[in-house]
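K.L.:
So that you have it, the file is query_0.txt, and it contains compact mmCIF, C-alpha atoms:
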```
# COMPACT_ATOMS: atom_id res chain seq x y z
CA MET A 1 15.78 -22.69 10.44
CA LYS A 2 19.38 -23.87 10.16
CA ILE A 3 22.05 -23.06 7.58
CA SER A 4 25.40 -24.76 7.25
CA SER A 5 27.99 -24.68 4.51
CA ARG A 6 30.46 -27.15 3.11
CA LYS A 7 33.08 -26.97 0.38
CA LEU A 8 33.37 -29.35 -2.53
CA ASP A 9 36.17 -28.48 -4.96
CA LYS A 10 35.51 -24.88 -5.95
CA ALA A 11 31.85 -25.06 -5.00
CA THR A 12 30.16 -24.10 -1.77
CA ILE A 13 27.06 -25.99 -0.80
CA LEU A 14 24.67 -24.31 1.59
CA ASP A 15 22.37 -26.74 3.36
CA VAL A 16 19.22 -25.08 4.63
CA SER A 17 16.60 -26.76 6.76
CA GLY A 18 13.36 -25.46 8.23
CA ASN A 19 11.03 -22.81 6.84
CA ILE A 20 12.18 -19.52 5.36
CA ASP A 21 9.94 -16.57 6.15
CA MET A 22 10.05 -12.92 7.16
CA SER A 23 11.51 -13.83 10.55
CA ASN A 24 14.66 -15.49 9.24
CA SER A 25 15.11 -14.63 5.55
CA PRO A 26 17.78 -11.99 6.41
CA GLU A 27 19.94 -14.87 7.71
CA VAL A 28 19.58 -16.68 4.39
CA ARG A 29 20.42 -13.51 2.48
CA LYS A 30 23.48 -12.88 4.64
CA ALA A 31 24.77 -16.45 4.33
CA LEU A 32 24.20 -16.49 0.57
CA LEU A 33 25.93 -13.18 -0.09
CA HIS A 34 28.82 -14.17 2.17
CA GLU A 35 29.45 -17.37 0.22
CA ILE A 36 29.02 -15.67 -3.16
CA ARG A 37 31.63 -13.07 -2.23
CA GLU A 38 34.08 -15.68 -0.97
CA LYS A 39 37.22 -15.73 -3.09
CA GLY A 40 37.96 -18.77 -5.22
CA VAL A 41 34.39 -20.04 -5.29
CA THR A 42 33.00 -20.66 -8.76
CA ARG A 43 29.64 -22.12 -7.82
CA VAL A 44 27.25 -21.66 -4.91
CA VAL A 45 24.74 -24.46 -4.51
CA LEU A 46 21.70 -24.08 -2.31
CA ASN A 47 20.30 -27.32 -0.90
CA LEU A 48 16.59 -26.77 -0.23
CA THR A 49 15.71 -30.40 0.39
CA GLY A 50 14.92 -29.63 4.03
CA VAL A 51 12.87 -26.51 3.30
CA ALA A 52 9.11 -26.99 3.21
CA TYR A 53 8.13 -23.35 2.94
CA ILE A 54 9.57 -20.13 1.49
CA ASP A 55 7.72 -16.81 1.58
CA SER A 56 8.21 -13.76 -0.62
CA SER A 57 11.01 -12.41 1.59
CA GLY A 58 12.84 -15.73 1.17
CA VAL A 59 12.33 -15.55 -2.58
CA ALA A 60 13.72 -12.01 -2.50
CA SER A 61 16.85 -13.37 -0.78
CA LEU A 62 17.26 -15.94 -3.54
CA VAL A 63 16.88 -13.23 -6.19
CA GLU A 64 19.52 -11.15 -4.42
CA GLY A 65 21.79 -14.18 -4.40
CA LEU A 66 21.21 -14.70 -8.11
CA LYS A 67 21.99 -11.10 -8.94
CA ALA A 68 25.11 -11.08 -6.77
CA SER A 69 26.32 -14.31 -8.37
CA ARG A 70 25.88 -12.86 -11.85
CA GLU A 71 27.80 -9.77 -10.81
CA SER A 72 30.57 -11.97 -9.41
CA GLY A 73 30.64 -14.19 -12.49
CA LEU A 74 29.82 -17.40 -10.67
CA ARG A 75 26.96 -19.88 -10.86
CA PHE A 76 24.13 -20.02 -8.37
CA VAL A 77 22.33 -23.34 -8.38
CA LEU A 78 19.32 -24.65 -6.44
CA PHE A 79 18.37 -28.25 -5.80
CA GLY A 80 15.83 -30.25 -3.82
CA LEU A 81 12.86 -27.93 -4.20
CA ASN A 82 9.79 -29.19 -2.37
CA ASP A 83 6.27 -28.45 -3.63
CA SER A 84 5.67 -25.17 -1.82
CA PRO A 85 9.00 -23.48 -2.69
CA ARG A 86 8.59 -24.61 -6.28
CA GLU A 87 5.04 -23.23 -6.42
CA VAL A 88 6.00 -19.85 -4.99
CA LEU A 89 8.81 -19.48 -7.53
CA LYS A 90 6.37 -20.45 -10.27
CA ILE A 91 3.72 -17.92 -9.17
CA SER A 92 6.45 -15.28 -9.05
CA ARG A 93 7.53 -16.30 -12.55
CA LEU A 94 11.04 -16.83 -11.24
CA LEU A 95 11.35 -20.59 -11.54
CA LYS A 96 12.87 -20.42 -15.02
CA LEU A 97 15.32 -17.78 -13.90
CA PHE A 98 17.14 -20.14 -11.56
CA GLU A 99 19.18 -23.21 -12.35
CA VAL A 100 17.18 -25.89 -10.55
CA TYR A 101 18.15 -29.55 -10.19
CA ASP A 102 16.56 -32.48 -8.46
CA ASP A 103 19.50 -33.51 -6.31
CA GLU A 104 23.05 -32.69 -5.33
CA THR A 105 24.64 -35.05 -7.84
CA GLN A 106 22.87 -33.33 -10.72
CA ALA A 107 23.57 -29.88 -9.28
CA MET A 108 27.28 -30.61 -9.04
CA ALA A 109 27.50 -32.33 -12.42
CA SER A 110 25.74 -29.53 -14.28
CA MET B 1 1.26 -5.11 24.01
CA THR B 2 0.72 -1.42 24.67
CA PRO B 3 -2.45 -0.24 26.48
CA VAL B 4 -3.61 1.44 23.27
CA ALA B 5 -3.22 -1.76 21.31
CA ALA B 6 -5.04 -3.70 24.03
CA LYS B 7 -7.94 -1.26 23.87
CA GLN B 8 -8.09 -1.54 20.08
CA LEU B 9 -8.03 -5.30 20.31
CA ARG B 10 -10.97 -5.26 22.74
CA GLY B 11 -12.76 -3.10 20.18
CA MET B 12 -12.05 -5.68 17.51
CA LYS B 13 -13.64 -8.38 19.64
CA LYS B 14 -16.82 -6.35 20.01
CA SER B 15 -17.19 -5.74 16.30
CA PRO B 16 -20.63 -7.12 15.31
CA LYS B 17 -19.41 -8.06 11.86
CA ILE B 18 -16.96 -10.56 13.28
CA ALA B 19 -19.12 -11.76 16.16
CA ARG B 20 -20.58 -14.72 14.27
CA ALA B 21 -19.28 -18.17 14.99
CA PHE B 22 -16.13 -19.03 13.10
CA LEU B 23 -14.37 -22.32 12.75
CA LEU B 24 -11.10 -20.87 13.92
CA LYS B 25 -10.06 -17.60 15.49
CA LEU B 26 -6.45 -16.67 16.16
CA GLU B 27 -5.25 -13.64 18.10
CA LEU B 28 -1.60 -12.84 17.80
CA ARG B 29 0.91 -10.06 18.09
CA SER B 30 2.63 -8.58 15.06
CA HIS B 31 5.85 -10.53 15.63
CA PRO B 32 7.29 -12.33 12.57
CA THR B 33 8.24 -15.37 14.64
CA LEU B 34 4.50 -16.03 15.03
CA LEU B 35 4.00 -16.55 11.29
CA CYS B 36 4.89 -20.21 11.69
CA VAL B 37 2.14 -20.55 14.30
CA ILE B 38 -0.48 -19.34 11.82
CA ARG B 39 0.80 -21.70 9.14
CA GLY B 40 0.79 -24.55 11.64
CA ALA B 41 -2.80 -23.84 12.66
CA LEU B 42 -4.15 -23.49 9.13
CA GLU B 43 -2.77 -26.71 7.71
CA PRO B 44 -4.87 -29.15 9.78
CA LEU B 45 -7.93 -26.91 9.41
CA MET B 46 -7.72 -26.90 5.62
CA ASP B 47 -7.13 -30.62 5.68
CA MET B 48 -10.24 -31.00 7.84
CA LEU B 49 -12.22 -28.89 5.36
CA GLY B 50 -11.21 -31.24 2.59
CA PHE B 51 -8.87 -29.06 0.61
CA SER B 52 -6.26 -30.78 -1.48
CA ALA B 53 -2.62 -30.48 -0.44
CA GLU B 54 -2.03 -28.04 -3.30
CA HIS B 55 -4.93 -25.79 -2.31
CA THR B 56 -3.93 -25.98 1.35
CA ARG B 57 -0.45 -24.78 0.45
CA ALA B 58 -1.96 -21.93 -1.59
CA ILE B 59 -4.20 -20.79 1.28
CA ILE B 60 -1.38 -20.97 3.81
CA ARG B 61 0.89 -19.03 1.45
CA ALA B 62 -1.70 -16.28 0.97
CA VAL B 63 -2.48 -15.87 4.67
CA ASP B 64 1.19 -15.90 5.59
CA GLU B 65 1.95 -13.18 3.03
CA ALA B 66 -1.09 -11.14 4.10
CA VAL B 67 -0.10 -11.23 7.78
CA ALA B 68 3.49 -10.38 6.86
CA ASN B 69 2.14 -7.38 4.90
CA ILE B 70 0.21 -6.23 7.99
CA MET B 71 3.36 -6.50 10.11
CA ARG B 72 5.45 -4.68 7.52
CA HIS B 73 3.10 -2.03 6.10
CA SER B 74 0.29 -1.52 8.58
CA TYR B 75 2.32 -1.76 11.79
CA HIS B 76 5.66 -0.65 10.28
CA GLY B 77 7.57 -3.45 11.98
CA ARG B 78 6.24 -2.88 15.50
CA LEU B 79 6.25 -6.27 17.18
CA ASP B 80 3.49 -6.03 19.78
CA GLN B 81 0.43 -4.97 17.82
CA PRO B 82 -2.77 -7.02 17.57
CA ILE B 83 -3.78 -9.11 14.58
CA GLU B 84 -6.83 -11.35 14.44
CA VAL B 85 -7.45 -14.13 11.95
CA TYR B 86 -10.88 -15.71 11.48
CA CYS B 87 -11.63 -18.73 9.31
CA ASN B 88 -15.03 -19.86 8.20
CA ARG B 89 -16.42 -22.41 5.81
CA LEU B 90 -18.24 -21.27 2.67
CA GLN B 91 -20.37 -23.11 0.18
CA ARG B 92 -21.59 -22.10 -3.24
CA SER B 93 -23.34 -23.81 -6.08
CA THR B 94 -21.62 -23.95 -9.46
CA ASN B 95 -23.49 -25.63 -12.34
CA GLY B 96 -25.65 -27.44 -9.82
CA GLU B 97 -22.66 -28.74 -7.91
CA ALA B 98 -21.89 -27.70 -4.36
CA GLU B 99 -18.45 -26.22 -4.06
CA GLN B 100 -16.75 -25.94 -0.69
CA GLY B 101 -14.67 -22.96 0.24
CA VAL B 102 -13.03 -21.07 3.03
CA GLU B 103 -13.24 -17.42 4.01
CA ILE B 104 -10.38 -15.93 5.98
CA LEU B 105 -10.70 -12.50 7.56
CA LEU B 106 -7.67 -10.63 8.83
CA PHE B 107 -8.09 -7.64 11.12
CA ASP B 108 -5.52 -5.16 12.34
CA CYS B 109 -5.58 -1.76 14.03
CA GLY B 110 -2.73 -0.20 12.12
CA ALA B 111 -2.63 2.67 9.70
CA ALA B 112 -5.17 2.56 6.89
CA VAL B 113 -3.11 0.64 4.38
CA ASP B 114 -4.91 -1.09 1.57
CA THR B 115 -2.54 -4.01 1.25
CA THR B 116 -4.27 -4.98 -1.99
CA LYS B 117 -2.90 -1.78 -3.52
CA ILE B 118 0.66 -1.89 -2.26
CA PRO B 119 2.79 -1.34 -5.36
CA ALA B 120 3.72 -4.74 -6.67
CA ARG B 121 6.66 -4.98 -8.98
CA SER B 122 6.30 -6.14 -12.52
CA LEU B 123 6.92 -9.86 -12.72
CA ASP B 124 9.15 -9.17 -15.70
CA GLU B 125 11.59 -7.34 -13.46
CA ILE B 126 14.34 -9.35 -11.84
CA ARG B 127 14.74 -7.76 -8.47
CA PRO B 128 13.97 -8.72 -4.90
CA GLY B 129 10.81 -7.51 -3.16
CA GLY B 130 7.27 -6.61 -4.19
CA LEU B 131 6.13 -10.20 -4.63
CA GLY B 132 3.78 -10.61 -1.68
CA LEU B 133 0.68 -9.27 -3.37
CA HIS B 134 1.29 -11.32 -6.51
CA ILE B 135 1.52 -14.40 -4.35
CA ILE B 136 -1.70 -13.58 -2.47
CA ARG B 137 -3.65 -12.88 -5.65
CA GLY B 138 -2.19 -15.89 -7.40
CA SER B 139 -3.18 -18.17 -4.52
CA MET B 140 -6.75 -17.05 -3.68
CA ASP B 141 -10.01 -16.58 -5.62
CA THR B 142 -11.01 -13.35 -3.84
CA VAL B 143 -8.87 -10.68 -2.15
CA GLN B 144 -10.79 -7.72 -0.72
CA TYR B 145 -9.67 -4.89 1.52
CA LYS B 146 -11.99 -2.75 3.60
CA ARG B 147 -11.37 -0.04 6.17
CA ALA B 148 -13.96 -0.51 8.91
CA GLY B 149 -13.73 2.29 11.46
CA ARG B 150 -10.23 2.05 12.87
CA LEU B 151 -9.71 -1.45 11.58
CA ASN B 152 -8.21 -2.82 8.41
CA ARG B 153 -10.06 -5.87 7.15
CA LEU B 154 -8.67 -8.17 4.51
CA ARG B 155 -10.98 -10.89 3.19
CA LEU B 156 -9.51 -13.89 1.42
CA VAL B 157 -11.65 -16.57 -0.18
CA LYS B 158 -10.71 -19.84 -1.81
CA TYR B 159 -13.03 -22.45 -3.29
CA ALA B 160 -12.09 -25.97 -4.17
CA HIS B 161 -13.63 -29.26 -5.03
CA PRO B 162 -12.84 -31.21 -1.88
CA SER B 163 -10.74 -34.30 -2.26
CA LYS B 164 -12.49 -35.89 0.71
CA GLY B 165 -15.52 -35.44 2.92
CA GLY B 166 -14.20 -32.80 5.26
CA CYS B 167 -16.30 -32.09 8.34
CA GLY B 168 -19.74 -31.68 6.78
CA SER B 169 -21.20 -29.20 4.38
CA SER B 170 -24.43 -27.98 5.88
CA GLU B 171 -23.51 -24.32 6.30
CA GLU B 172 -24.91 -21.59 4.15
CA ASN B 173 -22.70 -18.97 2.60
CA PRO B 174 -22.43 -16.41 5.43
CA SER B 175 -21.04 -13.55 3.39
```
Mind turning this structure into structure tokens?

P.N.:
Amino acid sequence: MKISSRKLDKATILDVSGNIDMSNSPEVRKALLHEIREKGVTRVVLNLTGVAYIDSSGVASLVEGLKASRESGLRFVLFGLNDSPREVLKISRLLKLFEVYDDETQAMAS
Amino acid sequence: MTPVAAKQLRGMKKSPKIARAFLLKLELRSHPTLLCVIRGALEPLMDMLGFSAEHTRAIIRAVDEAVANIMRHSYHGRLDQPIEVYCNRLQRSTNGEAEQGVEILLFDCGAAVDTTKIPARSLDEIRPGGLGLHIIRGSMDTVQYKRAGRLNRLRLVKYAHPSKGGCGSSEENPS
């Protein structure tokens, strides 16, 4: 799994590729919380286009990111969900909790 | 792998209940980096059995979560403990129609932890953690735990109308 970040105006976009499971979800959590706590950022956008699989520990990292973003008063947005990540969020009844968009343009325009 | 774990694993292999021929058998250590290996092995097998892409994803999700639960709760994060995964084809008749399925058995030698009873959080709560069991139950038709001697056995079953022929359907339900 790889994570990289880029800045666009006051937003940070985290590009994740590979699968997120118990072996690497702490890295996702750490990267997310780091960006959310960065000063001056108003929106953290998670690009999951390159992620084919997320397990419950990965979902837990996303939930932590969501909670931290609410506490920090910024927006946490997901885009590019493939079938499996979308299904696991749906089973967990968390899909409606997140702001989810199809692509980066929509995620940034929202 | 420790000598104790190796001895337990040999005991698992001799278990008469798992001695029958299975389509796939995987032996692995309890290291999280091996989860991707299980997922990678199951995908072509489920495809071969004729499961749809959606059902294949559900089965992979359930097995992945179940093995992660073994690593986390049964072995308490120890990385070198034995886990065995067996997959077999099932068939049942529903309203006169043959329905294909898969049975997946997971064995470990850890503490007696009924992973089907690990406290799962309410889905109405918004907090991380406690989702694994929801995901397993939501993905499979049957989830059964059994303590057999010094082994934990988790049985997962999923039936589906196959989207294609698979690799034959002559087997009887072995359960």

K.L.:
Name the residues in contact with Ala52 of chain A at a cut-off of 9 Å, using all atoms listed in the file, excluding same-chain residues fewer than 5 positions from it; report them as a PyMOL selection string.

P.N.:
chain A and resi 17-20+81-85

K.L.:
Identify all chain A residues at most 9 Å from chain B by counting only C-alpha atoms; ligands do not count. Present them as a ChimeraX atom specification.

P.N.:
/A:19,21-24,53-57,59-64,67,83-84,87-88,91-94,97

K.L.:
Given the point (-5.6, -12.8, 12.6) in the coordinates of this file, which residues lie within 8 Å, counting all atoms listed in the file, and how would they look as a list in words?

P.N.:
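Within 8 Å of (-5.6, -12.8, 12.6), the protein and nucleic acid residues are Lys25, Leu26, Glu27, Leu28, Val67, Ile83, Glu84, Val85, Tyr86, Leu105, Leu106, Phe107 and Asp108 of chain B.
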
K.L.:
Would you please work out which residue, of B:Leu45, B:Ala66, B:Leu24, B:Val102, is nearest to Arg153 of chain B when using all atoms listed in the file?

P.N.:
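Going through B:Leu45, B:Ala66, B:Leu24, B:Val102 one by one, the smallest distance to Arg153 of chain B is for B:Ala66.
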
K.L.:
From the list B:Leu79, B:Lys146, B:Asn152, B:Asn88, which residue is nearest Glu103 of chain B when using all atoms listed in the file?

P.N.:
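Among the listed residues, B:Asn88 lies closest to Glu103 of chain B.
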
K.L.:
Rounded to one decimal, what separation in Å do you get between atom CA of Leu66 of chain A and atom CA of Phe98 of chain A?

P.N.:
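Atom CA of Phe98 of chain A lies at a distance of 7.6 Å from atom CA of Leu66 of chain A.
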
K.L.:
What is the distance, in Å and to one decimal place, between atom CA of Ile13 of chain A and atom CA of Val44 of chain A?

P.N.:
6.0 Å
